[in-house]
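Dropping run_5.tsv in here (TSV, C-alpha atoms):
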chain	number	residue	atom	x	y	z
W	1	MET	CA	111.91	69.43	71.23
W	2	ALA	CA	110.32	71.68	73.84
W	3	GLY	CA	108.52	74.04	71.50
W	4	THR	CA	110.10	76.84	69.53
W	5	ARG	CA	113.16	78.48	70.94
W	6	THR	CA	112.98	82.19	71.73
W	7	SER	CA	116.51	82.63	73.05
W	8	PHE	CA	119.87	81.26	71.97
W	9	ALA	CA	121.62	82.31	75.18
W	10	ASP	CA	121.98	78.76	76.50
W	11	LEU	CA	123.43	77.33	73.27
W	12	ASP	CA	127.03	76.12	73.52
W	13	CYS	CA	128.01	77.71	70.22
W	14	GLY	CA	130.02	80.83	69.36
W	15	PHE	CA	127.78	81.71	66.44
W	16	ALA	CA	124.57	81.39	68.47
W	17	GLN	CA	126.12	83.48	71.24
W	18	ALA	CA	126.99	86.17	68.72
W	19	ILE	CA	123.51	86.46	67.20
W	20	GLU	CA	121.94	86.27	70.67
W	21	HIS	CA	124.15	89.15	71.85
W	22	ILE	CA	123.56	91.28	68.79
W	23	GLY	CA	119.82	90.69	68.77
W	24	ASP	CA	117.54	91.42	65.86
W	25	GLN	CA	117.79	93.45	62.67
W	26	TRP	CA	117.07	96.68	64.56
W	27	CYS	CA	120.03	96.06	66.83
W	28	PHE	CA	122.21	95.38	63.79
W	29	LEU	CA	121.15	98.68	62.21
W	30	ILE	CA	121.74	100.58	65.48
W	31	ILE	CA	125.25	99.08	65.71
W	32	ARG	CA	125.89	100.06	62.09
W	33	ASN	CA	124.76	103.64	62.75
W	34	LEU	CA	126.92	103.83	65.88
W	35	LEU	CA	129.91	102.66	63.84
W	36	MET	CA	129.13	105.43	61.34
W	37	GLY	CA	129.28	108.01	64.14
W	38	MET	CA	125.66	108.42	65.21
W	39	THR	CA	125.20	108.95	68.96
W	40	ARG	CA	121.75	110.39	69.79
W	41	PHE	CA	118.41	108.71	70.48
W	42	GLU	CA	116.43	111.11	68.27
W	43	ASP	CA	118.90	110.62	65.39
W	44	PHE	CA	118.47	106.83	65.47
W	45	ALA	CA	114.69	107.27	65.62
W	46	ALA	CA	114.64	109.67	62.67
W	47	HIS	CA	117.15	107.83	60.49
W	48	LEU	CA	115.89	104.30	60.99
W	49	SER	CA	112.15	105.12	61.10
W	50	ILE	CA	111.98	103.14	64.32
W	51	SER	CA	109.38	103.75	67.01
W	52	PRO	CA	110.75	105.34	70.22
W	53	LYS	CA	109.46	102.37	72.20
W	54	ILE	CA	111.31	99.77	70.11
W	55	LEU	CA	114.41	101.95	69.93
W	56	ALA	CA	114.54	102.39	73.73
W	57	ASP	CA	114.12	98.63	74.16
W	58	ARG	CA	116.92	97.80	71.71
W	59	LEU	CA	119.31	100.39	73.20
W	60	GLN	CA	118.66	98.92	76.64
W	61	ARG	CA	119.25	95.43	75.31
W	62	LEU	CA	122.53	96.36	73.62
W	63	THR	CA	123.65	98.17	76.78
W	64	GLY	CA	122.81	95.08	78.84
W	65	GLU	CA	124.83	92.90	76.48
W	66	GLY	CA	127.81	95.24	76.89
W	67	LEU	CA	127.90	96.27	73.23
W	68	ILE	CA	127.13	99.95	73.83
W	69	GLU	CA	127.33	102.37	76.71
W	70	ALA	CA	125.49	105.60	77.44
W	71	ARG	CA	127.04	108.70	78.97
W	72	PRO	CA	125.34	112.00	79.86
W	73	ASP	CA	125.21	114.67	77.17
W	74	GLU	CA	127.01	117.68	78.63
W	75	ASP	CA	125.05	120.05	76.41
W	76	ASP	CA	121.65	118.57	77.27
W	77	ARG	CA	121.31	117.24	80.80
W	78	ARG	CA	118.27	115.13	79.88
W	79	GLY	CA	120.05	113.59	76.90
W	80	LYS	CA	122.43	110.68	76.55
W	81	ILE	CA	125.26	109.96	74.17
W	82	TYR	CA	125.48	106.36	73.01
W	83	GLU	CA	128.78	104.81	72.00
W	84	LEU	CA	130.05	101.36	71.15
W	85	THR	CA	132.19	99.56	73.69
W	86	GLU	CA	135.31	97.68	72.59
W	87	LYS	CA	133.11	94.57	72.33
W	88	GLY	CA	130.75	96.49	70.03
W	89	ARG	CA	133.50	98.06	67.92
W	90	ASP	CA	134.90	94.59	67.41
W	91	LEU	CA	131.89	93.95	65.16
W	92	THR	CA	133.27	96.43	62.58
W	93	PRO	CA	134.47	93.67	60.24
W	94	VAL	CA	131.07	91.95	60.44
W	95	VAL	CA	129.26	95.16	59.56
W	96	GLY	CA	131.77	95.80	56.79
W	97	ALA	CA	131.43	92.26	55.47
W	98	LEU	CA	127.63	92.46	55.39
W	99	THR	CA	127.73	95.89	53.73
W	100	GLN	CA	130.12	94.67	51.04
W	101	TRP	CA	128.04	91.50	50.57
W	102	GLY	CA	124.95	93.70	50.09
W	103	ASP	CA	126.74	95.91	47.59
W	104	ARG	CA	127.96	92.81	45.72
W	105	TRP	CA	124.72	90.82	45.58
W	106	VAL	CA	122.20	93.66	45.47
W	107	PRO	CA	124.34	95.92	43.29
W	108	LYS	CA	123.52	99.47	42.41
W	109	LYS	CA	124.02	101.02	39.00
W	110	GLY	CA	126.98	103.34	39.28
W	111	GLY	CA	128.92	101.25	41.77
W	112	VAL	CA	129.05	100.42	45.46
W	113	ARG	CA	127.13	102.51	47.95
W	114	THR	CA	129.76	102.42	50.68
W	115	GLU	CA	133.52	102.19	50.43
W	116	PHE	CA	135.68	101.02	53.30
W	117	TYR	CA	139.21	102.37	53.31
W	118	GLU	CA	142.37	102.33	55.35
W	119	LEU	CA	142.39	105.49	57.46
W	120	SER	CA	146.15	105.94	57.20
W	121	THR	CA	146.39	105.59	53.40
W	122	GLY	CA	142.87	106.04	52.02
W	123	GLU	CA	143.23	102.77	50.11
W	124	PRO	CA	140.34	100.30	49.83
W	125	VAL	CA	139.70	97.70	52.53
W	126	THR	CA	138.15	94.30	51.88
W	127	CYS	CA	136.04	93.11	54.81
W	128	THR	CA	134.49	89.95	53.35
W	129	VAL	CA	137.46	87.66	53.72
W	130	GLY	CA	139.08	84.90	55.63
W	131	VAL	CA	142.80	85.27	56.11
W	132	SER	CA	145.32	82.45	56.46
W	133	LYS	CA	148.05	82.28	59.06
W	134	HIS	CA	150.42	83.63	56.42
W	135	GLY	CA	148.20	86.56	55.47
W	136	HIS	CA	146.71	85.10	52.30
W	137	ILE	CA	143.13	86.07	51.51
W	138	LEU	CA	141.05	82.90	51.17
W	139	SER	CA	137.84	82.27	49.26
W	140	PRO	CA	134.87	80.65	51.06
W	141	ASP	CA	135.72	77.34	49.38
W	142	GLU	CA	139.17	77.32	50.95
W	143	ILE	CA	137.91	77.58	54.54
W	144	GLY	CA	137.03	74.57	56.70
W	145	HIS	CA	135.80	74.32	60.27
W	146	ARG	CA	136.16	71.86	63.09
W	147	THR	CA	135.45	71.62	66.79
W	148	GLY	CA	137.95	73.63	68.82
W	149	PRO	CA	139.59	72.76	72.15
W	150	GLY	CA	136.63	74.23	74.07
W	151	GLY	CA	134.28	71.80	72.39
W	152	SER	CA	130.64	72.50	71.61
W	153	GLN	CA	127.63	70.31	72.23
W	154	VAL	CA	125.80	72.16	69.46
W	155	ARG	CA	128.56	71.36	66.98
W	156	ASP	CA	128.75	67.74	68.08
W	157	GLU	CA	125.01	67.32	67.53
W	158	LEU	CA	125.25	69.05	64.18
W	159	ASP	CA	128.21	66.96	63.07
W	160	ALA	CA	126.40	63.78	64.10
W	161	LEU	CA	123.35	64.69	62.02
W	162	VAL	CA	125.51	65.58	59.01
W	163	GLU	CA	127.55	62.41	59.37
W	164	ARG	CA	124.44	60.23	59.60
W	165	ARG	CA	123.30	61.51	56.20
W	166	LYS	CA	126.64	60.68	54.63
W	167	THR	CA	126.57	57.09	55.77
W	168	SER	CA	122.86	56.37	55.21
H	1	MET	CA	108.03	108.87	59.90
H	2	ALA	CA	105.30	106.54	58.71
H	3	GLY	CA	105.23	104.19	61.69
H	4	THR	CA	107.67	101.40	62.38
H	5	ARG	CA	109.42	99.78	59.48
H	6	THR	CA	108.86	96.08	58.91
H	7	SER	CA	111.05	95.68	55.82
H	8	PHE	CA	114.41	97.11	54.82
H	9	ALA	CA	114.05	96.07	51.18
H	10	ASP	CA	113.54	99.63	49.93
H	11	LEU	CA	116.54	101.09	51.76
H	12	ASP	CA	119.33	102.34	49.51
H	13	CYS	CA	122.06	100.78	51.64
H	14	GLY	CA	124.25	97.71	51.20
H	15	PHE	CA	124.07	96.81	54.88
H	16	ALA	CA	120.27	97.08	55.04
H	17	GLN	CA	120.01	94.99	51.86
H	18	ALA	CA	122.20	92.33	53.44
H	19	ILE	CA	120.20	91.99	56.64
H	20	GLU	CA	116.93	92.15	54.68
H	21	HIS	CA	118.14	89.30	52.44
H	22	ILE	CA	119.41	87.18	55.28
H	23	GLY	CA	116.34	87.69	57.42
H	24	ASP	CA	116.12	86.95	61.10
H	25	GLN	CA	118.15	84.93	63.58
H	26	TRP	CA	116.55	81.68	62.41
H	27	CYS	CA	117.70	82.34	58.87
H	28	PHE	CA	121.20	83.06	60.15
H	29	LEU	CA	121.26	79.75	62.02
H	30	ILE	CA	119.93	77.85	59.00
H	31	ILE	CA	122.67	79.41	56.82
H	32	ARG	CA	125.25	78.44	59.44
H	33	ASN	CA	124.00	74.85	59.51
H	34	LEU	CA	124.03	74.68	55.71
H	35	LEU	CA	127.62	75.90	55.71
H	36	MET	CA	128.43	73.13	58.18
H	37	GLY	CA	127.01	70.55	55.79
H	38	MET	CA	123.42	70.07	56.95
H	39	THR	CA	120.94	69.52	54.12
H	40	ARG	CA	117.64	68.02	55.38
H	41	PHE	CA	114.46	69.64	56.71
H	42	GLU	CA	114.13	67.25	59.63
H	43	ASP	CA	117.79	67.77	60.62
H	44	PHE	CA	117.33	71.55	60.82
H	45	ALA	CA	114.14	71.04	62.83
H	46	ALA	CA	115.80	68.66	65.28
H	47	HIS	CA	119.07	70.54	65.66
H	48	LEU	CA	117.69	74.08	65.98
H	49	SER	CA	114.56	73.17	68.01
H	50	ILE	CA	112.58	75.14	65.46
H	51	SER	CA	108.92	74.47	64.70
H	52	PRO	CA	108.26	72.90	61.27
H	53	LYS	CA	106.03	75.86	60.39
H	54	ILE	CA	108.69	78.47	61.08
H	55	LEU	CA	111.39	76.34	59.46
H	56	ALA	CA	109.36	75.90	56.26
H	57	ASP	CA	108.71	79.64	56.16
H	58	ARG	CA	112.39	80.53	56.59
H	59	LEU	CA	113.56	77.97	54.00
H	60	GLN	CA	111.04	79.41	51.55
H	61	ARG	CA	112.23	82.93	52.34
H	62	LEU	CA	115.90	82.04	51.86
H	63	THR	CA	115.07	80.25	48.60
H	64	GLY	CA	113.17	83.30	47.40
H	65	GLU	CA	116.14	85.55	48.21
H	66	GLY	CA	118.39	83.26	46.18
H	67	LEU	CA	120.55	82.22	49.14
H	68	ILE	CA	119.64	78.53	49.06
H	69	GLU	CA	118.20	76.10	46.57
H	70	ALA	CA	116.33	72.85	46.98
H	71	ARG	CA	116.77	69.75	44.83
H	72	PRO	CA	114.93	66.44	45.03
H	73	ASP	CA	116.35	63.78	47.30
H	74	GLU	CA	117.06	60.79	45.06
H	75	ASP	CA	116.72	58.40	48.00
H	76	ASP	CA	113.42	59.84	49.22
H	77	ARG	CA	111.13	61.15	46.53
H	78	ARG	CA	109.11	63.22	49.01
H	79	GLY	CA	112.25	64.79	50.48
H	80	LYS	CA	114.39	67.73	49.43
H	81	ILE	CA	118.06	68.50	49.79
H	82	TYR	CA	118.83	72.09	50.63
H	83	GLU	CA	122.10	73.69	49.60
H	84	LEU	CA	123.58	77.18	49.61
H	85	THR	CA	123.88	79.01	46.30
H	86	GLU	CA	127.05	80.93	45.45
H	87	LYS	CA	125.34	84.01	46.94
H	88	GLY	CA	124.72	82.09	50.16
H	89	ARG	CA	128.20	80.54	50.33
H	90	ASP	CA	129.60	84.05	49.98
H	91	LEU	CA	128.38	84.64	53.54
H	92	THR	CA	131.01	82.19	54.87
H	93	PRO	CA	133.28	84.97	56.17
H	94	VAL	CA	130.33	86.65	57.90
H	95	VAL	CA	129.38	83.41	59.65
H	96	GLY	CA	133.03	82.82	60.51
H	97	ALA	CA	133.43	86.38	61.79
H	98	LEU	CA	130.36	86.11	64.00
H	99	THR	CA	131.43	82.69	65.31
H	100	GLN	CA	134.91	83.96	66.16
H	101	TRP	CA	133.42	87.09	67.75
H	102	GLY	CA	131.17	84.88	69.90
H	103	ASP	CA	134.10	82.69	70.93
H	104	ARG	CA	136.12	85.82	71.79
H	105	TRP	CA	133.49	87.76	73.76
H	106	VAL	CA	131.53	84.87	75.26
H	107	PRO	CA	134.56	82.65	75.83
H	108	LYS	CA	134.45	79.09	77.00
H	109	LYS	CA	136.81	77.58	79.50
H	110	GLY	CA	139.13	75.29	77.58
H	111	GLY	CA	139.27	77.42	74.43
H	112	VAL	CA	137.28	78.22	71.33
H	113	ARG	CA	134.31	76.08	70.36
H	114	THR	CA	134.92	76.21	66.62
H	115	GLU	CA	138.15	76.51	64.68
H	116	PHE	CA	138.28	77.71	61.10
H	117	TYR	CA	141.19	76.44	59.07
H	118	GLU	CA	142.64	76.54	55.59
H	119	LEU	CA	141.51	73.38	53.81
H	120	SER	CA	144.75	72.99	51.88
H	121	THR	CA	147.10	73.36	54.87
H	122	GLY	CA	145.00	72.85	58.01
H	123	GLU	CA	146.32	76.12	59.41
H	124	PRO	CA	144.07	78.55	61.31
H	125	VAL	CA	141.97	81.10	59.46
H	126	THR	CA	140.99	84.49	60.89
H	127	CYS	CA	137.60	85.65	59.65
H	128	THR	CA	137.13	88.79	61.75
H	129	VAL	CA	139.35	91.14	59.80
H	130	GLY	CA	139.55	93.92	57.30
H	131	VAL	CA	142.37	93.56	54.81
H	132	SER	CA	144.17	96.42	53.08
H	133	LYS	CA	144.93	96.62	49.37
H	134	HIS	CA	148.42	95.34	50.19
H	135	GLY	CA	147.21	92.40	52.26
H	136	HIS	CA	147.74	93.89	55.70
H	137	ILE	CA	145.27	92.87	58.37
H	138	LEU	CA	143.69	95.99	59.87
H	139	SER	CA	142.13	96.57	63.26
H	140	PRO	CA	138.61	98.10	63.46
H	141	ASP	CA	140.18	101.45	64.41
H	142	GLU	CA	142.15	101.53	61.15
H	143	ILE	CA	139.10	101.22	58.90
H	144	GLY	CA	137.10	104.19	57.64
H	145	HIS	CA	134.03	104.36	55.42
H	146	ARG	CA	132.69	106.83	52.89
H	147	THR	CA	129.99	107.01	50.27
H	148	GLY	CA	130.94	105.03	47.15
H	149	PRO	CA	130.37	105.91	43.48
H	150	GLY	CA	126.89	104.37	43.59
H	151	GLY	CA	125.86	106.78	46.32
H	152	SER	CA	123.34	106.02	49.03
H	153	GLN	CA	120.47	108.16	50.24
H	154	VAL	CA	120.56	106.30	53.55
H	155	ARG	CA	124.23	107.14	54.03
H	156	ASP	CA	123.71	110.78	53.03
H	157	GLU	CA	120.94	111.14	55.59
H	158	LEU	CA	123.06	109.42	58.22
H	159	ASP	CA	126.10	111.56	57.46
H	160	ALA	CA	123.97	114.72	57.65
H	161	LEU	CA	122.64	113.76	61.09
H	162	VAL	CA	126.13	112.91	62.34
H	163	GLU	CA	127.58	116.12	60.91
H	164	ARG	CA	124.85	118.24	62.48
H	165	ARG	CA	125.85	116.97	65.92
H	166	LYS	CA	129.48	117.85	65.33
H	167	THR	CA	128.73	121.46	64.46
H	168	SER	CA	125.96	122.10	67.01
structure tokens encoding of this file:
Amino acid sequence: MAGTRTSFADLDCGFAQAIEHIGDQWCFLIIRNLLMGMTRFEDFAAHLSISPKILADRLQRLTGEGLIEARPDEDDRRGKIYELTEKGRDLTPVVGALTQWGDRWVPKKGGVRTEFYELSTGEPVTCTVGVSKHGHILSPDEIGHRTGPGGSQVRDELDALVERRKTS
Amino acid sequence: MAGTRTSFADLDCGFAQAIEHIGDQWCFLIIRNLLMGMTRFEDFAAHLSISPKILADRLQRLTGEGLIEARPDEDDRRGKIYELTEKGRDLTPVVGALTQWGDRWVPKKGGVRTEFYELSTGEPVTCTVGVSKHGHILSPDEIGHRTGPGGSQVRDELDALVERRKTS
């Protein structure tokens, strides 16, 4: 081990790449707010109680990772409008899954705080699921994982450590 | 604003509760490794290149949040075996969704690094989805969100800020 890791960018692992790209909890909250329709620097700052310095840093980071993009505000030439890219919007199910997990495990009297629904019908949407090839919703206990065709050194190392415990 | 927030525990928001419970990127990686079958302190330390001090802190945090539990190792009386609780296992789709997002947006030549599959059939599982009441898989653009019966001050404030921009 060469000390404590501060970046996961070099890890050959889809999960590590995802959390490296998204960044920290602030970035997660900014992405959530963008998904909910927020677009302005001062709105993020006010709503999240985040310092302007940290907010500017996280917006720059997310822009650099290609998750958001800024365009000029036509009504305020000094201002910018922030929006999610396709890559960022593709995190919608993750945000939905975490929100529904939070509402399930830290429940609120009276019911869930946020409902997700199908825009075309208004009917409820479940985000915290795995779905089989045939469209069946699977529970966590029905889902396995294995190394894919691209391989992963991180997975191989992990599997080796897990396997060693089974045979010892 | 009373300075920069360091905890999201008091936020009336399912999403904020989720990321507060899960913690930081280290906690996410520990949860991932637990889902993949890893159980021992020294295996986490070796595989994640994490310092023992930080690892111990994060394991304690995750135990305190009820996401993992430790039981004595029968083969090594000084050792512990860490396992996810039901609350922790319920994050499987989130871990799967993030892993599949990482494999999609930071692709590897040769194909995905990790495949998720249905244990009973071996067929592929998609984790990055929203599913309608009738079992249809929805794209991010088909999913809306609104305040649920439990209400949420955080959502109300967010909606007010978003609405203000629309009418200004």
Considering only C-alpha atoms, return as a CSV table (one decimal) with C-alpha atoms, keeping the file's coordinate frame whatever protein or nucleic-acid residues lie within 10 Å of stretch 18-24 of chain H, sequence-local ones (same chain, fewer than 2 positions apart) excluded.
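Writing the result to result17.csv gives the following:
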chain,number,residue,atom,x,y,z
W,19,ILE,CA,123.5,86.5,67.2
W,23,GLY,CA,119.8,90.7,68.8
W,24,ASP,CA,117.5,91.4,65.9
W,25,GLN,CA,117.8,93.4,62.7
W,26,TRP,CA,117.1,96.7,64.6
W,28,PHE,CA,122.2,95.4,63.8
W,29,LEU,CA,121.2,98.7,62.2
W,95,VAL,CA,129.3,95.2,59.6
W,97,ALA,CA,131.4,92.3,55.5
W,98,LEU,CA,127.6,92.5,55.4
W,99,THR,CA,127.7,95.9,53.7
W,100,GLN,CA,130.1,94.7,51.0
W,101,TRP,CA,128.0,91.5,50.6
W,102,GLY,CA,125.0,93.7,50.1
W,103,ASP,CA,126.7,95.9,47.6
W,104,ARG,CA,128.0,92.8,45.7
W,105,TRP,CA,124.7,90.8,45.6
W,106,VAL,CA,122.2,93.7,45.5
H,6,THR,CA,108.9,96.1,58.9
H,7,SER,CA,111.0,95.7,55.8
H,8,PHE,CA,114.4,97.1,54.8
H,9,ALA,CA,114.0,96.1,51.2
H,10,ASP,CA,113.5,99.6,49.9
H,11,LEU,CA,116.5,101.1,51.8
H,13,CYS,CA,122.1,100.8,51.6
H,14,GLY,CA,124.2,97.7,51.2
H,15,PHE,CA,124.1,96.8,54.9
H,16,ALA,CA,120.3,97.1,55.0
H,26,TRP,CA,116.6,81.7,62.4
H,27,CYS,CA,117.7,82.3,58.9
H,28,PHE,CA,121.2,83.1,60.2
H,29,LEU,CA,121.3,79.8,62.0
H,31,ILE,CA,122.7,79.4,56.8
H,58,ARG,CA,112.4,80.5,56.6
H,61,ARG,CA,112.2,82.9,52.3
H,62,LEU,CA,115.9,82.0,51.9
H,64,GLY,CA,113.2,83.3,47.4
H,65,GLU,CA,116.1,85.6,48.2
H,66,GLY,CA,118.4,83.3,46.2
H,67,LEU,CA,120.6,82.2,49.1
H,88,GLY,CA,124.7,82.1,50.2
H,91,LEU,CA,128.4,84.6,53.5
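Distances here use all atoms listed in the file; by that measure, the residue among H:Arg71, H:Lys53, H:Lys87, H:Lys80 closest to chain W is H:Lys87.
The residue that comes closest to W:Val94, out of H:Thr128, H:Glu118, H:Ala70, H:Asp159 and on the basis of all atoms listed in the file, is H:Thr128.
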Show me, as a PyMOL selection string, the residues of chain H whose atoms get within 6 Å of chain W, using all atoms listed in the file for the distance check.
chain H and resi 1+4+14-15+17-18+38+49-51+92-94+98-99+102-103+110-119+124-133+140+142-152+162
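Taking atom CA of W:Arg164 and atom CA of H:Ile68 as the two end points, the separation is 21.7 Å.
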Hey, can you check how far atom CA of W:Thr85 sits from atom CA of H:Asp156?
25.0 Å
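Atom pair atom CA of H:Tyr82 / atom CA of H:Leu59: separated by 8.6 Å.
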